[in-house]
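I have placed the structure first, in the form of structure tokens, so that the comments after it can refer back to it.
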Amino acid sequence: QVQLVESGGGLVQAGGSLRLSCTASGFTLSHYTIGWFRQAPGKEREGVSCITSSGGNTDYADSVKGRFTISRNNAKNTVYLQMNSLKPENTAVYYCAIGISYGDYLSCVGQRAQSEHNYWGQGTQVTVSS
């Protein structure tokens, strides 16, 4: 059974940092693009970032570019989202998800849509206070 578990969320003041982790059990992440998504209260879930299976390409939502960094350690079957200079508007539940397409790609941009992901974690709450 595939399980994705996000961790690392919490309460942080504006300007602070958090590092989220996404770890899989029952599944090897190394052959798949991974996406990070978030859902703020009263809003639709949106894409935040993605990374190709080799880690060779990443992409970010405009609102987090320059502040968030996605990375992966395939040996640890884990994907990370480093979030710096956090803002109150970054408050949301953050989810990781596994892309549906096997293999490495030159770019993950084409796999940013939520429909391109088939396994999701339960989410981790990030709250940024002003």
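Residue numbers start at 1 in each chain; chains themselves are named A, B, ... in the order of the structure tokens; ligands are numbered from 1 in the order shown.
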**Request:** Tell me which protein, DNA and RNA residues are within 12 Å of Pro41 (chain A), counting only C-alpha atoms, leaving out same-chain ones fewer than 4 positions away, and put them as a list in words.
**Result:** Arg45, Glu46, Glu89, Asn90, Thr91, Ala92, Val93, Tyr94, Gln125, Val126 and Thr127 of chain A
Write out, as a compact mmCIF listing (two decimals), in the first residue's frame, the residues just selected, with C-alpha atoms.
# COMPACT_ATOMS: atom_id res chain seq x y z
CA ARG A 45 -5.79 23.70 -3.79
CA GLU A 46 -2.98 25.07 -5.94
CA GLU A 89 -0.40 34.35 2.89
CA ASN A 90 1.64 31.14 2.77
CA THR A 91 -0.56 29.73 5.52
CA ALA A 92 -2.10 26.54 4.17
CA VAL A 93 -2.11 22.79 4.35
CA TYR A 94 0.76 21.57 2.19
CA GLN A 125 -0.29 22.48 8.29
CA VAL A 126 1.87 25.56 7.85
CA THR A 127 0.79 28.65 9.74
**Study point:** Ser49 (chain A) surroundings by only C-alpha atoms, 9 Å radius, close-in-sequence under 6 positions cut, as a PyMOL selection string
**Key:** chain A and resi 34-37+58-61+64+68-70+81+112
Once you have the residues from the selection above, write them out as a compact mmCIF listing (two decimals), in the first residue's frame, restricted to N, CA and C atoms.
# COMPACT_ATOMS: atom_id res chain seq x y z
N ILE A 34 7.56 14.61 -8.61
CA ILE A 34 6.82 14.88 -7.37
C ILE A 34 6.39 16.33 -7.36
N GLY A 35 5.18 16.55 -6.91
CA GLY A 35 4.67 17.90 -6.80
C GLY A 35 4.33 18.26 -5.36
N TRP A 36 4.48 19.52 -5.04
CA TRP A 36 3.98 20.08 -3.78
C TRP A 36 2.80 21.00 -4.11
N PHE A 37 1.76 20.88 -3.32
CA PHE A 37 0.56 21.68 -3.48
C PHE A 37 0.18 22.25 -2.12
N THR A 58 13.24 21.71 -11.93
CA THR A 58 12.26 22.12 -10.93
C THR A 58 11.44 23.28 -11.48
N ASP A 59 10.31 23.50 -10.89
CA ASP A 59 9.46 24.62 -11.30
C ASP A 59 8.70 25.12 -10.08
N TYR A 60 8.34 26.39 -10.11
CA TYR A 60 7.69 27.01 -8.95
C TYR A 60 6.56 27.92 -9.39
N ALA A 61 5.58 28.03 -8.52
CA ALA A 61 4.57 29.06 -8.71
C ALA A 61 5.25 30.42 -8.56
N VAL A 64 6.07 31.97 -5.11
CA VAL A 64 7.08 31.43 -4.19
C VAL A 64 8.48 31.41 -4.79
N PHE A 68 11.15 29.60 -2.07
CA PHE A 68 11.00 28.16 -1.83
C PHE A 68 11.97 27.40 -2.71
N THR A 69 12.47 26.29 -2.20
CA THR A 69 13.35 25.42 -2.96
C THR A 69 12.91 23.97 -2.77
N ILE A 70 12.66 23.31 -3.88
CA ILE A 70 12.31 21.89 -3.85
C ILE A 70 13.56 21.07 -4.13
N LEU A 81 10.73 20.48 0.68
CA LEU A 81 10.38 21.83 0.26
C LEU A 81 10.89 22.79 1.32
N ARG A 112 2.47 19.77 -13.88
CA ARG A 112 2.13 20.58 -12.72
C ARG A 112 0.70 20.39 -12.26
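Each of A:Ile51, A:Leu86, A:Val5, A:Val79 was compared to Trp120 (chain A) using only C-alpha atoms, and A:Val5 turns out to be the nearest.
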**Request:** May I have the residues within 9 Å of Gln82 (chain A) as number ranges by chain, using only C-alpha atoms and disregarding those fewer than 2 positions away in the same chain?
**Result:** A: 17-21, 67-71, 80, 84
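With only C-alpha atoms as the atoms that count, the residue of A:Ser130, A:Gln39, A:Gln111, A:Ser7 with the shortest distance to Lys87 (chain A) is A:Ser130.
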Report task. Excluding Thr33 (chain A) and any residue of its chain fewer than 5 positions from it, enumerate the residues within 7 Å of it, using only C-alpha atoms, and give them as a list of chain:residue names. Result -> A:Cys50, A:Ile51, A:Thr52, A:Ser53, A:Ile98, A:Gly99, A:Cys108
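In this structure, CA of Thr28 (chain A) sits 16.8 Å away from CA of Tyr105 (chain A).
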